[in-house]
$ cat protein_3.cif   # mmCIF, C-alpha atoms
data_upload
#
loop_
_atom_site.label_atom_id
_atom_site.label_comp_id
_atom_site.auth_asym_id
_atom_site.auth_seq_id
_atom_site.Cartn_x
_atom_site.Cartn_y
_atom_site.Cartn_z
CA MET A 1 66.76 83.20 95.43
CA TYR A 2 64.02 82.47 92.93
CA LEU A 3 60.82 84.16 91.79
CA VAL A 4 57.54 82.36 92.43
CA THR A 5 54.21 83.23 90.82
CA LEU A 6 51.27 82.26 93.02
CA SER A 7 47.87 82.06 91.43
CA LEU A 8 44.29 80.82 91.57
CA PRO A 9 41.76 81.32 88.78
CA SER A 10 39.62 83.39 91.18
CA MET A 11 42.20 86.06 92.06
CA ALA A 12 45.05 88.11 90.67
CA PRO A 13 48.45 86.36 90.73
CA ARG A 14 51.14 87.36 93.19
CA GLN A 15 54.89 87.20 92.65
CA VAL A 16 57.22 86.65 95.60
CA ARG A 17 60.94 86.10 95.96
CA ILE A 18 61.97 83.05 97.96
CA ALA A 19 65.45 82.05 99.10
CA ALA A 20 66.65 78.47 99.01
CA LEU A 21 66.19 76.48 102.20
CA ASP A 22 69.26 76.66 104.44
CA GLY A 23 70.36 75.13 107.72
CA MET A 24 69.12 77.98 109.90
CA ALA A 25 65.65 77.76 108.37
CA GLU A 26 65.68 73.97 108.78
CA LEU A 27 66.67 74.20 112.44
CA GLY A 28 63.68 76.44 113.07
CA ALA A 29 61.19 73.96 111.60
CA ASP A 30 59.58 72.72 114.81
CA PRO A 31 56.51 70.50 114.27
CA ALA A 32 55.32 71.34 117.79
CA ASP A 33 55.07 75.04 116.90
CA PRO A 34 51.77 75.88 115.09
CA GLY A 35 53.41 78.97 113.62
CA ALA A 36 56.46 77.14 112.24
CA ALA A 37 55.37 77.26 108.58
CA VAL A 38 54.73 81.01 108.69
CA GLN A 39 58.08 81.59 110.39
CA LEU A 40 59.83 79.46 107.77
CA VAL A 41 58.26 81.33 104.87
CA ALA A 42 58.99 84.68 106.53
CA ARG A 43 62.67 83.76 106.73
CA LEU A 44 62.85 82.52 103.15
CA GLY A 45 60.95 85.58 101.88
CA GLN A 46 62.97 88.32 103.59
CA ASP A 47 63.77 89.88 100.21
CA ASN A 48 60.11 90.87 99.67
CA PRO A 49 58.56 94.23 100.66
CA ALA A 50 57.57 94.73 104.29
CA GLY A 51 54.17 93.32 105.15
CA TRP A 52 54.01 91.01 102.14
CA LEU A 53 53.34 87.91 104.21
CA ASP A 54 50.57 89.46 106.31
CA ASP A 55 48.79 90.48 103.10
CA LEU A 56 49.15 87.07 101.45
CA PRO A 57 45.84 85.15 101.08
CA VAL A 58 45.89 81.91 103.04
CA ALA A 59 45.11 79.88 99.89
CA LEU A 60 48.19 81.33 98.18
CA PHE A 61 50.30 80.72 101.29
CA ASP A 62 49.43 77.02 101.02
CA ARG A 63 50.51 77.08 97.38
CA LEU A 64 53.75 78.78 98.31
CA CYS A 65 54.43 75.99 100.80
CA ALA A 66 53.76 73.54 97.97
CA ARG A 67 56.23 75.32 95.69
CA ILE A 68 58.90 75.28 98.41
CA PHE A 69 58.33 71.57 99.00
CA ALA A 70 58.52 70.80 95.27
CA ALA A 71 61.71 72.84 94.87
CA GLU A 72 63.48 71.34 97.88
CA PHE A 73 62.12 67.79 98.12
CA ALA A 74 59.96 66.27 95.39
CA GLN A 75 57.00 66.74 93.06
CA THR A 76 55.10 63.94 94.77
CA ILE A 77 53.74 63.63 98.29
CA GLU A 78 54.39 60.40 100.20
CA CYS A 79 52.20 60.04 103.29
CA LYS A 80 51.84 57.58 106.13
CA SER A 81 48.49 56.68 107.64
CA THR A 82 46.71 54.04 109.70
CA CYS A 83 43.70 52.20 108.31
CA GLU A 84 40.42 53.14 109.98
CA SER A 85 39.13 49.61 109.38
CA CYS A 86 41.95 47.14 110.08
CA ALA A 87 44.27 49.50 112.03
CA GLU A 88 47.27 48.52 109.87
CA PRO A 89 49.77 51.26 108.96
CA PHE A 90 50.16 52.00 105.27
CA GLU A 91 51.69 54.53 102.89
CA PHE A 92 50.13 56.34 99.96
CA GLY A 93 51.22 59.03 97.55
CA PHE A 94 49.91 61.54 95.06
CA ALA A 95 51.26 64.10 92.62
CA LEU A 96 51.16 67.60 94.06
CA ALA A 97 50.75 69.20 90.63
CA GLU A 98 47.71 67.04 89.89
CA LEU A 99 46.05 68.03 93.17
CA ILE A 100 46.61 71.73 92.45
CA ALA A 101 45.41 71.35 88.85
CA ALA A 102 42.22 69.69 90.07
CA GLN A 103 41.63 72.58 92.48
CA ASP A 104 42.25 75.10 89.70
CA ALA A 105 39.74 73.38 87.44
CA ALA A 106 37.10 73.40 90.19
CA VAL A 107 37.73 77.07 90.98
CA ALA A 108 37.52 78.03 87.31
CA GLN A 109 34.22 76.16 87.03
CA SER A 110 32.83 78.02 90.06
CA GLY A 111 32.92 81.25 88.08
CA PHE A 112 34.34 83.38 90.90
CA SER A 113 36.66 86.14 89.73
CA ALA A 114 37.92 88.94 91.94
CA ASP A 115 37.40 92.57 90.92
CA ARG A 116 40.16 95.18 90.86
CA ASP A 117 40.00 95.53 94.62
CA GLY A 118 40.24 91.77 95.18
CA PHE A 119 36.58 91.16 96.13
CA TRP A 120 34.16 88.49 94.97
CA THR A 121 30.43 89.10 94.60
CA THR A 122 27.83 86.33 94.63
CA PRO A 123 24.51 86.44 92.76
CA GLN A 124 22.88 86.96 96.18
CA GLY A 125 24.83 90.20 96.67
CA LEU A 126 27.37 88.91 99.16
CA GLN A 127 30.70 90.68 98.66
CA LEU A 128 33.86 89.45 100.36
CA ARG A 129 37.60 89.05 99.99
CA PRO A 130 39.91 86.11 100.64
CA PRO A 131 41.32 85.77 104.16
CA THR A 132 44.96 86.71 104.61
CA LEU A 133 47.51 85.45 107.11
CA ALA A 134 46.93 88.64 109.11
CA ASP A 135 43.21 87.81 109.26
CA LEU A 136 44.02 84.27 110.37
CA ALA A 137 46.18 85.55 113.21
CA ALA A 138 43.71 88.20 114.35
CA ALA A 139 40.32 86.48 113.99
CA GLN A 140 38.93 85.13 117.26
CA ASP A 141 36.71 82.55 115.58
CA GLY A 142 34.90 81.75 112.34
CA ALA A 143 32.18 84.33 112.92
CA ASP A 144 34.76 87.05 113.54
CA MET A 145 36.57 86.02 110.36
CA ALA A 146 33.34 86.32 108.37
CA VAL A 147 32.80 89.86 109.63
CA ARG A 148 36.36 90.79 108.64
CA LEU A 149 35.95 89.48 105.09
CA VAL A 150 32.45 90.65 104.15
CA THR A 151 32.02 94.19 102.81
CA ALA A 152 28.45 93.91 101.53
CA GLY A 153 25.61 91.57 102.42
CA GLU A 154 25.07 89.40 105.48
CA ALA A 155 28.26 88.10 107.13
CA GLU A 156 26.75 84.67 107.66
CA LEU A 157 29.46 82.10 108.39
CA ALA A 158 28.05 79.21 106.35
CA ALA A 159 27.63 81.39 103.25
CA VAL A 160 31.16 82.80 103.62
CA GLU A 161 32.64 79.31 104.01
CA THR A 162 30.80 78.14 100.90
CA VAL A 163 32.33 80.94 98.84
CA LEU A 164 35.81 80.36 100.25
CA GLU A 165 35.68 76.63 99.55
CA ALA A 166 34.76 77.35 95.93
CA ALA A 167 36.95 80.39 95.25
CA ALA A 168 39.98 79.92 97.52
CA PRO A 169 40.39 76.25 98.47
CA LEU A 170 43.18 75.38 100.86
CA LEU A 171 45.72 72.61 100.58
CA THR A 172 44.37 71.33 103.88
CA LEU A 173 41.91 68.72 102.79
CA PRO A 174 40.94 65.04 102.92
CA ILE A 175 42.66 62.78 100.38
CA ALA A 176 40.73 59.73 99.19
CA THR A 177 42.76 56.52 99.44
CA ALA A 178 42.34 52.79 100.01
CA CYS A 179 44.07 50.53 102.49
CA PRO A 180 46.42 48.09 100.69
CA HIS A 181 45.81 45.50 103.42
CA CYS A 182 42.01 45.30 103.53
CA ALA A 183 41.00 47.53 100.57
CA ALA A 184 38.85 49.74 102.81
CA GLU A 185 38.26 53.14 101.22
CA GLN A 186 38.87 56.13 103.47
CA GLN A 187 40.02 59.72 103.59
CA ALA A 188 43.29 60.84 105.10
CA GLN A 189 43.64 64.44 106.22
CA PHE A 190 46.46 66.33 104.50
CA ASP A 191 47.87 69.71 105.53
CA MET A 192 50.45 71.16 103.09
CA ALA A 193 52.05 73.61 105.52
CA ARG A 194 52.30 71.00 108.26
CA PHE A 195 53.66 68.41 105.81
CA LEU A 196 56.41 70.80 104.73
CA ILE A 197 57.51 71.39 108.33
CA ASP A 198 57.33 67.68 109.17
CA SER A 199 59.42 66.82 106.10
CA ILE A 200 62.12 69.32 107.07
CA ALA A 201 62.14 68.18 110.70
CA ALA A 202 62.43 64.52 109.68
CA GLU A 203 65.77 65.32 108.02
CA ARG A 204 67.33 66.78 111.17
CA PRO A 205 69.69 63.77 111.62
CA PHE A 206 70.97 64.27 108.06
CA LEU A 207 71.47 68.00 108.69
CA ILE A 208 73.56 67.23 111.76
CA ARG A 209 75.66 64.63 109.93
CA GLU A 210 76.23 66.90 106.92
CA THR A 211 77.25 69.76 109.21
CA HIS A 212 79.69 67.48 111.03
CA LEU A 213 81.24 66.21 107.78
CA ILE A 214 81.79 69.71 106.39
CA ALA A 215 83.13 71.08 109.68
CA SER A 216 85.50 68.13 110.01
CA ARG A 217 86.84 68.49 106.47
CA TYR A 218 86.99 72.28 105.97
CA GLY A 219 87.03 73.63 109.52
CA TRP A 220 84.10 75.95 108.86
CA ASP A 221 82.09 77.15 111.84
CA HIS A 222 78.46 76.19 112.46
CA ALA A 223 77.05 79.54 111.32
CA SER A 224 78.85 79.37 107.97
CA ILE A 225 77.65 75.84 107.29
CA SER A 226 74.10 76.65 108.40
CA ALA A 227 74.02 79.55 105.94
CA LEU A 228 74.66 77.21 103.01
CA PRO A 229 71.66 76.41 100.83
CA ARG A 230 70.40 72.92 101.65
CA ARG A 231 71.30 71.48 98.26
CA ASP A 232 74.84 72.95 98.39
CA ARG A 233 75.37 71.50 101.87
CA GLN A 234 74.18 68.11 100.68
CA ALA A 235 76.51 68.32 97.67
CA TYR A 236 79.53 69.14 99.85
CA ALA A 237 78.70 66.25 102.19
CA ALA A 238 78.27 63.86 99.26
CA LEU A 239 81.69 64.84 97.87
CA ILE A 240 83.33 64.26 101.24
CA GLU A 241 81.66 60.85 101.55
CA SER A 242 82.71 59.97 98.01
CA GLU A 243 86.33 60.91 98.67
CA ARG A 244 86.34 58.92 101.90
CA SER A 245 84.93 55.87 100.14
CA ALA A 246 87.52 56.15 97.35
CA ALA A 247 90.34 56.48 99.91
CA LEU A 248 89.18 53.37 101.79
CA LYS A 249 89.01 51.37 98.57
CA TRP A 250 92.55 52.50 97.62
CA ARG A 251 93.91 51.48 101.04
CA ALA A 252 92.21 48.12 100.79
CA GLY A 253 93.95 47.56 97.48
#
$ encode --input "protein_3.cif" --output "structure tokens"
Amino acid sequence: MYLVTLSLPSMAPRQVRIAALDGMAELGADPADPGAAVQLVARLGQDNPAGWLDDLPVALFDRLCARIFAAEFAQTIECKSTCESCAEPFEFGFALAELIAAQDAAVAQSGFSADRDGFWTTPQGLQLRPPTLADLAAAQDGADMAVRLVTAGEAELAAVETVLEAAAPLLTLPIATACPHCAAEQQAQFDMARFLIDSIAAERPFLIRETHLIASRYGWDHASISALPRRDRQAYAALIESERSAALKWRAG
């Protein structure tokens, strides 16, 4: 369990407690389920007060997914894409911290700062708050979302979206890159929450192998192994593999 501070220059910071990723959480990471990221975070954040996730702004949820990815996987994002020009597959990467820092700088420059109640007010008199996960689940469409967020002024969708893009940017955005094959510049769509789930799901074969190794060596049941933090499970499996390798070398002389 570790404490995470989530922040944007435009709103008050939030602190949440997050558990380390374990086998049960990994098994639930289904890329085909659009709610998989929320379910994952709900499981890892069970130590927080009731309703904490519903009240979390969507922009901070994205940053929480980024913190989980950085803690469990890496500080950099490695993506795969297909060139829009030559149709060749290619890979590209970027530093997650640099992307977030660039967003922070842009938000700070926008001048938006929430009041005590968490609302922003534009020079035109539009007053609104950031959308939460509960809003995202309940809103029927963009217009309905605008009505939910605006407390003063006209709930005009385009104006609301402009404020949200400036004050609460999401980590779902186009990333500028260039094809290494033909040098064509293009933008690849990146979704932090989806990338986290995809990264976990891609390691399913390793999870199965690690579970098998530990069960074979120690005789632990599946539930006990699945409850291990991911890094502890990987460490146990690495020790078993190391001992097996040493034993084979000794037998070979």
$ residues_around --input "protein_3.cif" --residues "Val4 in chain A" --least-positions-apart "4" --cutoff "9 Å" --atoms "all atoms listed in the file" --output "list in words"
Arg14, Gln15, Val16, Arg17, Ile18, Leu64 and Arg67 of chain A
$ residues_around --input "protein_3.cif" --residues "range 219-232 of chain A" --least-positions-apart "3" --cutoff "8 Å" --atoms "all atoms listed in the file" --output "PDB file with C-alpha atoms, keeping the file's coordinate frame"
ATOM      1  CA  ALA A  20      66.650  78.470  99.010  1.00  0.00           C
ATOM      2  CA  LEU A  21      66.190  76.480 102.200  1.00  0.00           C
ATOM      3  CA  ASP A  22      69.260  76.660 104.440  1.00  0.00           C
ATOM      4  CA  GLY A  23      70.360  75.130 107.720  1.00  0.00           C
ATOM      5  CA  MET A  24      69.120  77.980 109.900  1.00  0.00           C
ATOM      6  CA  GLU A  72      63.480  71.340  97.880  1.00  0.00           C
ATOM      7  CA  THR A 211      77.250  69.760 109.210  1.00  0.00           C
ATOM      8  CA  ILE A 214      81.790  69.710 106.390  1.00  0.00           C
ATOM      9  CA  ALA A 215      83.130  71.080 109.680  1.00  0.00           C
ATOM     10  CA  SER A 216      85.500  68.130 110.010  1.00  0.00           C
ATOM     11  CA  ALA A 235      76.510  68.320  97.670  1.00  0.00           C
ATOM     12  CA  TYR A 236      79.530  69.140  99.850  1.00  0.00           C
TER      13      TYR A 236
END
$ atom_distance --input "protein_3.cif" --atom1 "CA of Met11 in chain A" --atom2 "CA of Gly118 in chain A"
6.8 Å
$ residues_around --input "protein_3.cif" --residues "Met192 in chain A" --least-positions-apart "5" --cutoff "10 Å" --atoms "all atoms listed in the file" --output "MDAnalysis selection string"
chainID A and resid 37 61:66 69 77 96 170:173 197:198
$ residues_near_point --input "protein_3.cif" --point "(41.6, 87.4, 110.9)" --cutoff "12 Å" --atoms "all atoms listed in the file" --output "list in words"
Asp54, Asp55, Pro57, Val58, Arg129, Pro130, Pro131, Thr132, Leu133, Ala134, Asp135, Leu136, Ala137, Ala138, Ala139, Gln140, Asp141, Gly142, Ala143, Asp144, Met145, Ala146, Val147, Arg148, Leu149 and Val150 of chain A
$ residues_around --input "protein_3.cif" --residues "Gln127 in chain A" --least-positions-apart "4" --cutoff "8 Å" --atoms "all atoms listed in the file" --output "PyMOL selection string"
chain A and resi 119-122+150-153
$ resolve_selection --input "protein_3.cif" --expression "the PyMOL selection byres ((chain A and resi 178) around 12)" --output "JSON, numbers by chain"
{"A": [81, 82, 83, 84, 85, 86, 88, 89, 90, 91, 92, 93, 175, 176, 177, 179, 180, 181, 182, 183, 184, 185, 186, 187, 188]}
$ resolve_selection --input "protein_3.cif" --expression "the PyMOL selection byres ((chain A and resi 200-210) around 8)" --output "list in words"
Gly23, Glu26, Leu27, Ala29, Asp30, Pro31, Leu196, Ile197, Asp198, Ser199, Thr211, His212, Leu213, Ile214, Arg233, Gln234 and Ala237 of chain A
$ closest_residue --input "protein_3.cif" --among "A:Leu239, A:Leu99, A:Leu56, A:Ala87" --to "Val38 in chain A" --atoms "only C-alpha atoms"
A:Leu56
$ atom_distance --input "protein_3.cif" --atom1 "CA of Glu161 in chain A" --atom2 "CA of Asp104 in chain A"
17.7 Å
$ atom_distance --input "protein_3.cif" --atom1 "CA of Asp47 in chain A" --atom2 "CA of Thr76 in chain A"
27.9 Å
$ closest_residue --input "protein_3.cif" --among "A:Gln189, A:Thr5, A:Pro169, A:Pro174" --to "Ala101 in chain A" --atoms "all atoms listed in the file"
A:Pro169
$ closest_residue --input "protein_3.cif" --among "A:Gly111, A:Gly35, A:Pro123, A:Gly45" --to "Leu8 in chain A" --atoms "all atoms listed in the file"
A:Gly111
$ closest_residue --input "protein_3.cif" --among "A:Arg116, A:Arg244, A:Lys80, A:Arg194" --to "Ala32 in chain A" --atoms "all atoms listed in the file"
A:Arg194
$ closest_residue --input "protein_3.cif" --among "A:Leu53, A:Met1, A:Ala36, A:Ala12" --to "Ala168 in chain A" --atoms "all atoms listed in the file"
A:Ala12
$ closest_residue --input "protein_3.cif" --among "A:Val107, A:Cys79, A:Ala246, A:Ala102" --to "Asp191 in chain A" --atoms "all atoms listed in the file"
A:Cys79
